[in-house]
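Pasted below: target_20.tsv, TSV, C-alpha atoms.
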chain	number	residue	atom	x	y	z
A	1	MET	CA	191.05	-19.53	-149.10
A	2	PHE	CA	187.83	-19.39	-147.08
A	3	LEU	CA	189.83	-19.33	-143.87
A	4	ASN	CA	191.86	-16.45	-145.25
A	5	LEU	CA	188.71	-14.45	-145.86
A	6	VAL	CA	187.41	-15.26	-142.39
A	7	ASN	CA	190.70	-14.11	-140.86
A	8	TRP	CA	190.79	-11.00	-143.01
A	9	LEU	CA	187.30	-10.06	-141.80
A	10	ASP	CA	188.16	-10.87	-138.17
A	11	ASP	CA	191.20	-8.61	-138.36
A	12	ARG	CA	188.90	-5.73	-139.25
A	13	PHE	CA	185.68	-6.51	-137.38
A	14	GLY	CA	187.01	-8.47	-134.41
A	15	TRP	CA	183.81	-10.51	-134.50
A	16	ARG	CA	185.53	-13.63	-133.15
A	17	ALA	CA	185.98	-12.03	-129.74
A	18	ILE	CA	182.33	-10.99	-129.80
A	19	TRP	CA	181.28	-14.50	-130.82
A	20	GLU	CA	183.27	-16.00	-127.98
A	21	ALA	CA	181.89	-13.51	-125.47
A	22	ILE	CA	178.33	-14.37	-126.48
A	23	PHE	CA	178.36	-18.08	-127.23
A	24	LEU	CA	181.48	-19.51	-125.58
A	25	ARG	CA	181.11	-17.85	-122.20
A	26	LYS	CA	181.24	-19.94	-119.04
A	27	ILE	CA	177.91	-20.74	-117.44
A	28	PRO	CA	177.01	-22.72	-114.34
A	29	HIS	CA	175.43	-26.15	-114.65
A	30	VAL	CA	171.78	-25.24	-115.20
A	31	ASN	CA	168.51	-26.83	-116.33
A	32	TRP	CA	166.03	-26.48	-119.17
A	33	PHE	CA	164.16	-23.61	-117.51
A	34	TYR	CA	167.18	-21.48	-118.40
A	35	THR	CA	166.31	-21.77	-122.11
A	36	LEU	CA	163.12	-19.69	-121.66
A	37	GLY	CA	164.99	-16.43	-122.24
A	38	SER	CA	166.42	-17.70	-125.52
A	39	ALA	CA	162.98	-19.02	-126.47
A	40	THR	CA	161.55	-15.54	-125.86
A	41	LEU	CA	164.27	-13.99	-128.01
A	42	PHE	CA	163.60	-16.51	-130.78
A	43	LEU	CA	159.87	-15.70	-130.72
A	44	ALA	CA	160.61	-11.97	-130.73
A	45	ILE	CA	162.70	-12.39	-133.89
A	46	LEU	CA	160.01	-14.58	-135.46
A	47	GLN	CA	157.38	-11.92	-134.67
A	48	GLY	CA	159.66	-9.30	-136.20
A	49	VAL	CA	160.16	-11.23	-139.43
A	50	THR	CA	156.51	-12.23	-139.89
A	51	GLY	CA	155.38	-8.75	-138.83
A	52	ILE	CA	157.57	-7.10	-141.46
A	53	LEU	CA	156.14	-9.48	-144.07
A	54	LEU	CA	152.57	-8.61	-143.02
A	55	THR	CA	153.19	-4.88	-143.45
A	56	LEU	CA	153.88	-5.50	-147.15
A	57	TYR	CA	150.13	-5.98	-147.63
A	58	TYR	CA	148.30	-4.74	-144.55
A	59	VAL	CA	146.83	-1.23	-144.60
A	60	PRO	CA	145.76	0.50	-141.38
A	61	THR	CA	142.63	2.32	-142.55
A	62	PRO	CA	139.09	1.42	-141.47
A	63	ASP	CA	137.82	1.03	-145.03
A	64	HIS	CA	140.49	-1.47	-146.11
A	65	ALA	CA	142.18	-2.96	-143.04
A	66	TYR	CA	139.90	-5.99	-142.79
A	67	ASP	CA	139.89	-6.53	-146.57
A	68	SER	CA	143.68	-6.47	-146.65
A	69	VAL	CA	143.82	-9.06	-143.86
A	70	VAL	CA	141.37	-11.29	-145.74
A	71	TYR	CA	143.48	-10.81	-148.86
A	72	ILE	CA	146.60	-11.92	-146.96
A	73	SER	CA	144.87	-14.98	-145.53
A	74	THR	CA	143.02	-16.17	-148.61
A	75	GLN	CA	144.62	-14.78	-151.78
A	76	LEU	CA	148.34	-14.81	-151.19
A	77	PRO	CA	150.53	-17.90	-151.36
A	78	ALA	CA	151.53	-18.84	-147.80
A	79	GLY	CA	149.72	-15.73	-146.51
A	80	TRP	CA	147.70	-17.87	-144.08
A	81	PHE	CA	151.01	-19.34	-142.88
A	82	ILE	CA	152.78	-16.02	-142.31
A	83	ARG	CA	149.77	-14.50	-140.58
A	84	GLY	CA	149.20	-17.71	-138.61
A	85	LEU	CA	152.76	-17.64	-137.32
A	86	HIS	CA	152.35	-14.00	-136.27
A	87	HIS	CA	148.96	-14.67	-134.65
A	88	TRP	CA	149.99	-17.75	-132.66
A	89	GLY	CA	153.49	-16.43	-132.11
A	90	ALA	CA	151.94	-13.47	-130.31
A	91	SER	CA	150.19	-15.73	-127.80
A	92	ALA	CA	153.31	-17.87	-127.42
A	93	MET	CA	155.34	-14.74	-126.85
A	94	VAL	CA	153.23	-13.71	-123.85
A	95	VAL	CA	153.24	-17.25	-122.40
A	96	VAL	CA	156.99	-17.75	-122.77
A	97	THR	CA	157.82	-14.26	-121.51
A	98	VAL	CA	155.77	-14.86	-118.38
A	99	ALA	CA	157.38	-18.29	-117.89
A	100	HIS	CA	160.82	-16.69	-118.22
A	101	LEU	CA	159.87	-14.01	-115.71
A	102	LEU	CA	158.57	-16.62	-113.24
A	103	ARG	CA	161.76	-18.67	-113.57
A	104	VAL	CA	163.86	-15.63	-112.71
A	105	PHE	CA	161.53	-14.74	-109.85
A	106	PHE	CA	161.38	-18.16	-108.20
A	107	TYR	CA	165.11	-18.76	-108.57
A	108	GLY	CA	165.77	-15.40	-106.95
A	109	ALA	CA	167.83	-14.47	-110.00
A	110	TYR	CA	166.75	-10.82	-109.80
A	111	LYS	CA	168.95	-10.18	-106.73
A	112	TYR	CA	172.30	-8.38	-106.57
A	113	PRO	CA	174.08	-7.87	-108.93
A	114	ARG	CA	171.30	-8.51	-111.45
A	115	GLU	CA	168.70	-5.91	-110.46
A	116	ALA	CA	169.22	-3.92	-113.65
A	117	THR	CA	168.72	-7.05	-115.77
A	118	TRP	CA	165.48	-7.70	-113.90
A	119	ILE	CA	164.22	-4.13	-114.27
A	120	THR	CA	164.90	-4.01	-118.02
A	121	GLY	CA	163.16	-7.40	-118.17
A	122	VAL	CA	160.07	-6.02	-116.46
A	123	PHE	CA	159.93	-3.18	-118.97
A	124	LEU	CA	160.37	-5.69	-121.79
A	125	PHE	CA	157.40	-7.61	-120.38
A	126	LEU	CA	155.29	-4.43	-120.44
A	127	ILE	CA	156.35	-3.86	-124.06
A	128	VAL	CA	155.25	-7.39	-124.96
A	129	ILE	CA	151.85	-6.69	-123.38
A	130	GLY	CA	151.73	-3.44	-125.38
A	131	PHE	CA	152.38	-5.40	-128.57
A	132	GLY	CA	149.49	-7.71	-127.73
A	133	PHE	CA	147.12	-4.85	-126.96
A	134	THR	CA	147.90	-2.78	-130.07
A	135	GLY	CA	148.15	-5.77	-132.41
A	136	TYR	CA	144.75	-7.07	-131.38
A	137	LEU	CA	143.00	-4.10	-132.98
A	138	LEU	CA	144.71	-4.29	-136.35
A	139	PRO	CA	142.52	-6.92	-138.11
A	140	TRP	CA	139.66	-4.43	-137.54
A	141	ASP	CA	136.99	-7.09	-137.19
A	142	GLN	CA	134.22	-7.16	-134.58
A	143	LYS	CA	136.36	-8.86	-131.96
A	144	ALA	CA	139.21	-6.39	-132.48
A	145	TYR	CA	136.92	-3.37	-132.38
A	146	TRP	CA	135.05	-4.30	-129.22
A	147	ALA	CA	138.10	-5.64	-127.41
A	148	THR	CA	139.80	-2.30	-127.91
A	149	THR	CA	136.64	-0.43	-126.97
A	150	VAL	CA	136.62	-2.35	-123.69
A	151	GLY	CA	140.39	-2.17	-123.21
A	152	THR	CA	140.57	1.60	-123.60
A	153	GLN	CA	137.44	1.99	-121.46
A	154	ILE	CA	139.31	0.16	-118.67
A	155	ALA	CA	142.05	2.81	-118.90
A	156	GLY	CA	139.25	5.36	-118.62
A	157	VAL	CA	138.17	4.29	-115.12
A	158	ALA	CA	141.55	5.16	-113.57
A	159	PRO	CA	141.11	7.96	-111.03
A	160	VAL	CA	141.83	11.55	-112.10
A	161	VAL	CA	143.84	10.79	-115.27
A	162	GLY	CA	141.47	8.10	-116.62
A	163	ASP	CA	139.48	10.17	-119.07
A	164	TRP	CA	142.64	11.83	-120.28
A	165	MET	CA	144.34	8.43	-120.92
A	166	LEU	CA	141.30	7.08	-122.68
A	167	ARG	CA	141.19	10.04	-125.04
A	168	ILE	CA	144.91	9.77	-125.77
A	169	ALA	CA	144.69	6.04	-126.43
A	170	ARG	CA	141.76	6.49	-128.81
A	171	GLY	CA	142.91	9.77	-130.30
A	172	GLY	CA	139.46	11.23	-129.52
A	173	ASP	CA	136.19	10.22	-127.92
A	174	GLU	CA	135.60	7.06	-129.86
A	175	LEU	CA	137.42	4.37	-131.80
A	176	SER	CA	138.10	5.73	-135.26
A	177	ALA	CA	140.54	5.87	-138.15
A	178	VAL	CA	142.81	7.83	-135.83
A	179	THR	CA	142.79	5.01	-133.27
A	180	LEU	CA	143.64	2.37	-135.87
A	181	ALA	CA	146.48	4.45	-137.33
A	182	ARG	CA	148.06	5.20	-133.95
A	183	PHE	CA	147.76	1.60	-132.79
A	184	PHE	CA	149.44	0.51	-136.02
A	185	GLY	CA	152.21	3.09	-135.69
A	186	THR	CA	152.78	2.09	-132.09
A	187	HIS	CA	152.74	-1.58	-132.99
A	188	ILE	CA	155.26	-1.41	-135.83
A	189	TRP	CA	157.50	1.53	-134.86
A	190	VAL	CA	157.34	2.66	-131.24
A	191	LEU	CA	157.25	-0.74	-129.60
A	192	PRO	CA	159.77	-2.53	-131.86
A	193	ALA	CA	162.26	0.30	-131.42
A	194	SER	CA	161.82	0.20	-127.64
A	195	LEU	CA	162.00	-3.59	-127.63
A	196	ALA	CA	165.19	-3.73	-129.70
A	197	THR	CA	166.90	-1.13	-127.50
A	198	LEU	CA	165.96	-2.84	-124.24
A	199	VAL	CA	166.75	-6.34	-125.53
A	200	PHE	CA	170.21	-5.07	-126.38
A	201	VAL	CA	170.73	-3.72	-122.87
A	202	HIS	CA	169.17	-6.85	-121.32
A	203	LEU	CA	171.48	-9.18	-123.26
A	204	TYR	CA	174.50	-7.03	-122.56
A	205	LEU	CA	173.80	-7.33	-118.84
A	206	VAL	CA	173.17	-11.08	-119.07
A	207	ILE	CA	176.52	-11.56	-120.77
A	208	ARG	CA	178.46	-9.08	-118.65
A	209	ILE	CA	177.25	-10.30	-115.28
A	210	GLY	CA	176.60	-13.92	-116.19
A	211	ILE	CA	173.63	-16.04	-115.16
A	212	THR	CA	172.81	-17.42	-111.74
A	213	ALA	CA	173.31	-21.02	-110.73
A	214	VAL	CA	170.31	-23.10	-109.69
A	215	PRO	CA	169.72	-22.16	-106.06
A	216	SER	CA	170.40	-24.90	-103.54
A	217	ARG	CA	170.31	-25.36	-99.74
A	218	GLU	CA	173.97	-26.21	-99.51
A	219	GLU	CA	176.28	-23.52	-98.28
A	220	GLU	CA	179.14	-23.05	-100.66
B	1	MET	CA	185.52	-33.36	-121.08
B	2	ASP	CA	186.23	-36.38	-123.24
B	3	LYS	CA	188.39	-35.74	-126.23
B	4	PRO	CA	187.09	-36.99	-129.58
B	5	GLN	CA	189.06	-39.85	-131.03
B	6	GLU	CA	190.71	-39.64	-134.41
B	7	GLY	CA	188.13	-39.70	-137.20
B	8	LYS	CA	185.19	-39.74	-134.82
B	9	MET	CA	182.80	-36.86	-134.25
B	10	GLY	CA	183.03	-35.38	-130.78
B	11	ARG	CA	180.09	-34.24	-128.68
B	12	ARG	CA	180.84	-30.58	-129.37
B	13	ASP	CA	181.00	-31.01	-133.15
B	14	PHE	CA	177.85	-33.12	-133.10
B	15	MET	CA	175.96	-30.37	-131.25
B	16	LYS	CA	177.31	-27.77	-133.65
B	17	ALA	CA	176.06	-29.80	-136.62
B	18	VAL	CA	172.63	-30.34	-135.02
B	19	ILE	CA	172.25	-26.65	-134.20
B	20	ALA	CA	173.29	-25.63	-137.72
B	21	GLY	CA	170.92	-28.19	-139.22
B	22	VAL	CA	167.92	-27.17	-137.11
B	23	SER	CA	168.61	-23.48	-137.72
B	24	GLY	CA	168.75	-24.17	-141.45
B	25	LEU	CA	165.43	-26.01	-141.32
B	26	ILE	CA	163.73	-23.19	-139.41
B	27	GLY	CA	165.19	-20.65	-141.83
B	28	ALA	CA	163.91	-22.61	-144.82
B	29	ALA	CA	160.49	-23.20	-143.24
B	30	ILE	CA	160.00	-19.44	-142.97
B	31	GLY	CA	162.19	-18.21	-145.83
B	32	LEU	CA	160.66	-20.28	-148.63
B	33	PRO	CA	157.01	-19.41	-147.84
B	34	ALA	CA	158.14	-15.80	-147.42
B	35	ILE	CA	159.48	-15.75	-150.98
B	36	ALA	CA	156.20	-17.15	-152.35
B	37	TYR	CA	154.30	-14.63	-150.22
B	38	VAL	CA	156.29	-11.66	-151.51
B	39	VAL	CA	156.32	-12.54	-155.22
B	40	GLY	CA	152.77	-14.03	-155.28
B	41	PRO	CA	150.85	-11.02	-156.65
B	42	ALA	CA	153.50	-10.44	-159.33
B	43	LEU	CA	152.72	-13.83	-160.87
B	44	GLN	CA	149.03	-13.13	-161.42
B	45	LYS	CA	148.06	-12.57	-165.03
B	46	GLY	CA	145.42	-10.12	-166.21
B	47	THR	CA	142.13	-11.30	-167.65
B	48	ASP	CA	141.90	-12.36	-171.25
B	49	GLU	CA	138.39	-11.13	-171.99
B	50	TRP	CA	137.00	-9.02	-174.82
B	51	ILE	CA	136.48	-5.43	-173.76
B	52	ARG	CA	133.59	-3.56	-175.35
B	53	LEU	CA	134.71	-0.17	-176.68
B	54	GLY	CA	131.61	1.15	-178.45
B	55	SER	CA	130.20	1.84	-181.89
B	56	VAL	CA	132.63	2.12	-184.78
B	57	ASN	CA	130.39	4.65	-186.49
B	58	LYS	CA	132.10	7.56	-184.79
B	59	VAL	CA	135.47	6.66	-186.31
B	60	GLU	CA	136.17	8.83	-189.34
B	61	VAL	CA	138.47	7.58	-192.05
B	62	ASN	CA	142.12	8.43	-191.45
B	63	ILE	CA	141.53	10.22	-188.16
B	64	PRO	CA	142.67	8.46	-184.97
B	65	THR	CA	139.69	8.42	-182.63
B	66	LEU	CA	139.91	8.10	-178.86
B	67	PHE	CA	137.80	5.44	-177.13
B	68	LYS	CA	137.55	5.46	-173.36
B	69	THR	CA	136.03	2.78	-171.25
B	70	ILE	CA	135.94	1.95	-167.57
B	71	ILE	CA	137.22	-1.44	-166.51
B	72	GLU	CA	136.45	-2.96	-163.12
B	73	LYS	CA	139.54	-4.51	-161.72
B	74	GLN	CA	140.36	-6.35	-158.49
B	75	THR	CA	143.76	-5.14	-157.35
B	76	GLY	CA	144.80	-6.68	-154.06
B	77	TRP	CA	142.01	-5.83	-151.61
B	78	ILE	CA	140.53	-2.99	-153.65
B	79	ASN	CA	137.88	-3.20	-156.34
B	80	ALA	CA	139.17	-0.41	-158.51
B	81	GLU	CA	137.73	1.23	-161.59
B	82	GLU	CA	140.37	1.82	-164.17
B	83	GLU	CA	140.06	4.00	-167.24
B	84	PHE	CA	141.20	2.23	-170.36
B	85	SER	CA	141.87	4.39	-173.43
B	86	VAL	CA	142.82	3.43	-176.96
B	87	TYR	CA	143.05	5.15	-180.33
B	88	VAL	CA	141.21	3.58	-183.24
B	89	LEU	CA	142.23	4.22	-186.84
B	90	THR	CA	140.62	3.09	-190.07
B	91	THR	CA	141.85	3.73	-193.57
B	92	ASN	CA	138.90	2.25	-195.41
B	93	GLY	CA	135.96	2.27	-192.94
B	94	ARG	CA	135.99	-1.54	-192.67
B	95	ASP	CA	139.27	-2.54	-191.06
B	96	PHE	CA	140.13	-1.01	-187.75
B	97	VAL	CA	143.49	-0.68	-186.05
B	98	VAL	CA	143.37	-0.32	-182.27
B	99	MET	CA	146.43	1.33	-180.79
B	100	SER	CA	147.51	1.73	-177.21
B	101	ASN	CA	147.85	5.31	-175.96
B	102	ILE	CA	150.86	4.29	-173.89
B	103	CYS	CA	154.18	5.66	-175.10
B	104	THR	CA	156.63	2.83	-175.84
B	105	HIS	CA	159.45	4.83	-174.29
B	106	LEU	CA	158.62	4.89	-170.58
B	107	GLY	CA	154.87	4.51	-170.29
B	108	CYS	CA	153.44	8.04	-170.31
B	109	ARG	CA	150.14	8.60	-172.14
B	110	VAL	CA	150.28	10.01	-175.67
B	111	ARG	CA	147.68	12.39	-177.16
B	112	TRP	CA	146.56	12.83	-180.73
B	113	ILE	CA	146.98	16.47	-181.78
B	114	PRO	CA	144.99	16.96	-185.02
B	115	ASP	CA	146.64	20.28	-185.96
B	116	LYS	CA	150.10	18.73	-185.89
B	117	ASP	CA	148.99	15.40	-187.34
B	118	GLY	CA	150.73	13.22	-184.73
B	119	PHE	CA	150.65	11.54	-181.33
B	120	PHE	CA	152.67	13.52	-178.80
B	121	CYS	CA	154.10	12.28	-175.56
B	122	PRO	CA	154.56	15.06	-172.97
B	123	CYS	CA	157.27	13.30	-170.96
B	124	HIS	CA	160.22	13.13	-173.36
B	125	ASN	CA	158.87	14.58	-176.60
B	126	GLY	CA	158.20	11.28	-178.33
B	127	VAL	CA	156.20	11.74	-181.54
B	128	PHE	CA	154.25	9.05	-183.43
B	129	ALA	CA	152.51	9.18	-186.80
B	130	LYS	CA	148.81	8.39	-187.10
B	131	ASP	CA	149.56	4.73	-187.84
B	132	GLY	CA	151.64	4.57	-184.65
B	133	ASN	CA	155.12	4.60	-186.21
B	134	VAL	CA	157.81	6.63	-184.50
B	135	VAL	CA	158.43	10.02	-186.09
B	136	SER	CA	160.94	11.46	-183.63
B	137	GLY	CA	162.13	11.27	-180.07
B	138	PRO	CA	163.25	8.40	-177.88
B	139	PRO	CA	160.48	5.73	-178.33
B	140	PRO	CA	162.12	2.43	-179.41
B	141	ARG	CA	159.13	1.01	-181.31
B	142	PRO	CA	155.71	1.97	-182.74
B	143	LEU	CA	152.64	2.22	-180.49
B	144	ASP	CA	151.42	-1.22	-179.40
B	145	ARG	CA	148.36	-2.64	-181.12
B	146	PHE	CA	145.54	-4.69	-179.63
B	147	GLU	CA	143.71	-7.64	-181.09
B	148	SER	CA	140.23	-6.40	-182.02
B	149	LYS	CA	136.96	-7.47	-183.62
B	150	VAL	CA	133.78	-5.79	-184.82
B	151	GLU	CA	130.36	-7.32	-184.10
B	152	ASP	CA	127.22	-5.48	-185.25
B	153	SER	CA	129.25	-2.27	-185.64
B	154	VAL	CA	130.49	-2.57	-182.07
B	155	LEU	CA	134.20	-2.64	-181.53
B	156	PHE	CA	135.76	-5.08	-179.05
B	157	VAL	CA	139.35	-5.28	-178.01
B	158	LYS	CA	141.48	-7.81	-176.18
B	159	ARG	CA	144.05	-6.52	-173.80
B	160	GLY	CA	147.34	-8.23	-174.46
Written form, structure tokens:
Amino acid sequence: MFLNLVNWLDDRFGWRAIWEAIFLRKIPHVNWFYTLGSATLFLAILQGVTGILLTLYYVPTPDHAYDSVVYISTQLPAGWFIRGLHHWGASAMVVVTVAHLLRVFFYGAYKYPREATWITGVFLFLIVIGFGFTGYLLPWDQKAYWATTVGTQIAGVAPVVGDWMLRIARGGDELSAVTLARFFGTHIWVLPASLATLVFVHLYLVIRIGITAVPSREEE
Amino acid sequence: MDKPQEGKMGRRDFMKAVIAGVSGLIGAAIGLPAIAYVVGPALQKGTDEWIRLGSVNKVEVNIPTLFKTIIEKQTGWINAEEEFSVYVLTTNGRDFVVMSNICTHLGCRVRWIPDKDGFFCPCHNGVFAKDGNVVSGPPPRPLDRFESKVEDSVLFVKRG
């Protein structure tokens, strides 16, 4: 009965072929460093789920942002847990992404025919950094406010376009309600949409081209 | 690859079971707190305190009188001021009936119109008599009543 349903669905969706292409593909004999990409993907999904949950209560306005964060952490059941996962998951995300990037770099896995996988990966890394930068402001406490003041000021010292970038990042001369709103919008819409799109391309390439073997001195 | 013997679990099936089990645990570890987190505020009950409405002296016999008061209320992260309105009716000047001004149909606010001798709801034309009973329209039951008490000519009400 259950098998019938599964077959009926497979006839229409063809998901079995997709499943096999993703999970039953042939890979070389590799080591644990090759799990870093999957670990990054897992963390990205975890950040997505906890982030969506946080938006149920968080409000991105200067007069209530901090209060809503305190409400999440202290008043809601498991609020401290959801926010804690998102907070620590963010740091873990950066660490694991960098580790993944270093593995690919030191194994020379970015070479032909995997350049496109590498380039999408570099953009994904920049998106992760963007998540960290925009998310840091959202609690709207002293640390968030001054970190973003400093961070946007750093953009401001770039030659020629610096002042222009600083004003665009802040949405004006100084940190304000406009800054908080645009950081929030970037954090929950612009970056996730970009991330999802690029992850899709990245994974497609990983599966289409396959992964590299562990490099060795032997000539094969 | 070694083939599993009859009745024994092979390496592949063992790994499948472990992966499914660990995935289930992770799902539960996030899913269950997430449910509590989402429904949490819905489980909070309102306060059960007496609300001071004001002096009963302004209530004339057989005329529903509107009492308005401001209630401070913590909703989520906002300390909001909410206006709380009730109609008070007395038939003998001693016993007071405190009625909600919320239509029992779909929650719009009703108004007492003295000329027409009834409470009128603007949303779907519900009409109530001065004692709160339904005269016409869609409301399924009379206006709700609150528990009340009078102390030194001051009327208090408990929000149910």
- Pick the closest to chain B from A:Val161, A:Val49, A:Ala169, A:Val98: which is it, counting all atoms listed in the file?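 Smallest separation from chain B among the options: A:Val49.
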- State, in Å with one decimal place, the distance from CA of Gln47 (chain A) to CA of His87 (chain A).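 That distance, rounded to one decimal, is 8.9 Å.
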- Need the neighbours of (140.8, 5.3, -117.7): which residues are at most 10 Å away, counting all atoms listed in the file, as a list in words?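 Those residues lying close to the given coordinates are Gly151, Thr152, Gln153, Ile154, Ala155, Gly156, Val157, Ala158, Pro159, Val160, Val161, Gly162, Asp163, Trp164, Met165, Leu166, Arg167 and Ala169 of chain A.
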- Give me, please, the distance in Å between CA of Val22 (chain B) and CA of Gly89 (chain A), quoted to one decimal. 18.7 Å
What are the closest atom pairs, with distances in Å to one decimal, for all residues of chain A lying within 8 Å of chain B? Consider only C-alpha atoms, order rows by chain and residue number, and present the result as CSV.
residue,atom,partner,partner_atom,distance
A:Leu53,CA,B:Ala34,CA,7.4
A:Leu56,CA,B:Val38,CA,7.9
A:His64,CA,B:Trp77,CA,7.2
A:Asp67,CA,B:Trp77,CA,5.5
A:Ser68,CA,B:Trp77,CA,5.3
A:Tyr71,CA,B:Trp77,CA,5.9
A:Leu76,CA,B:Tyr37,CA,6.0
A:Pro77,CA,B:Tyr37,CA,5.1
A:Ala78,CA,B:Pro33,CA,5.5
A:Gly79,CA,B:Tyr37,CA,6.0
A:Phe81,CA,B:Pro33,CA,7.8
A:Ile82,CA,B:Ala34,CA,7.4
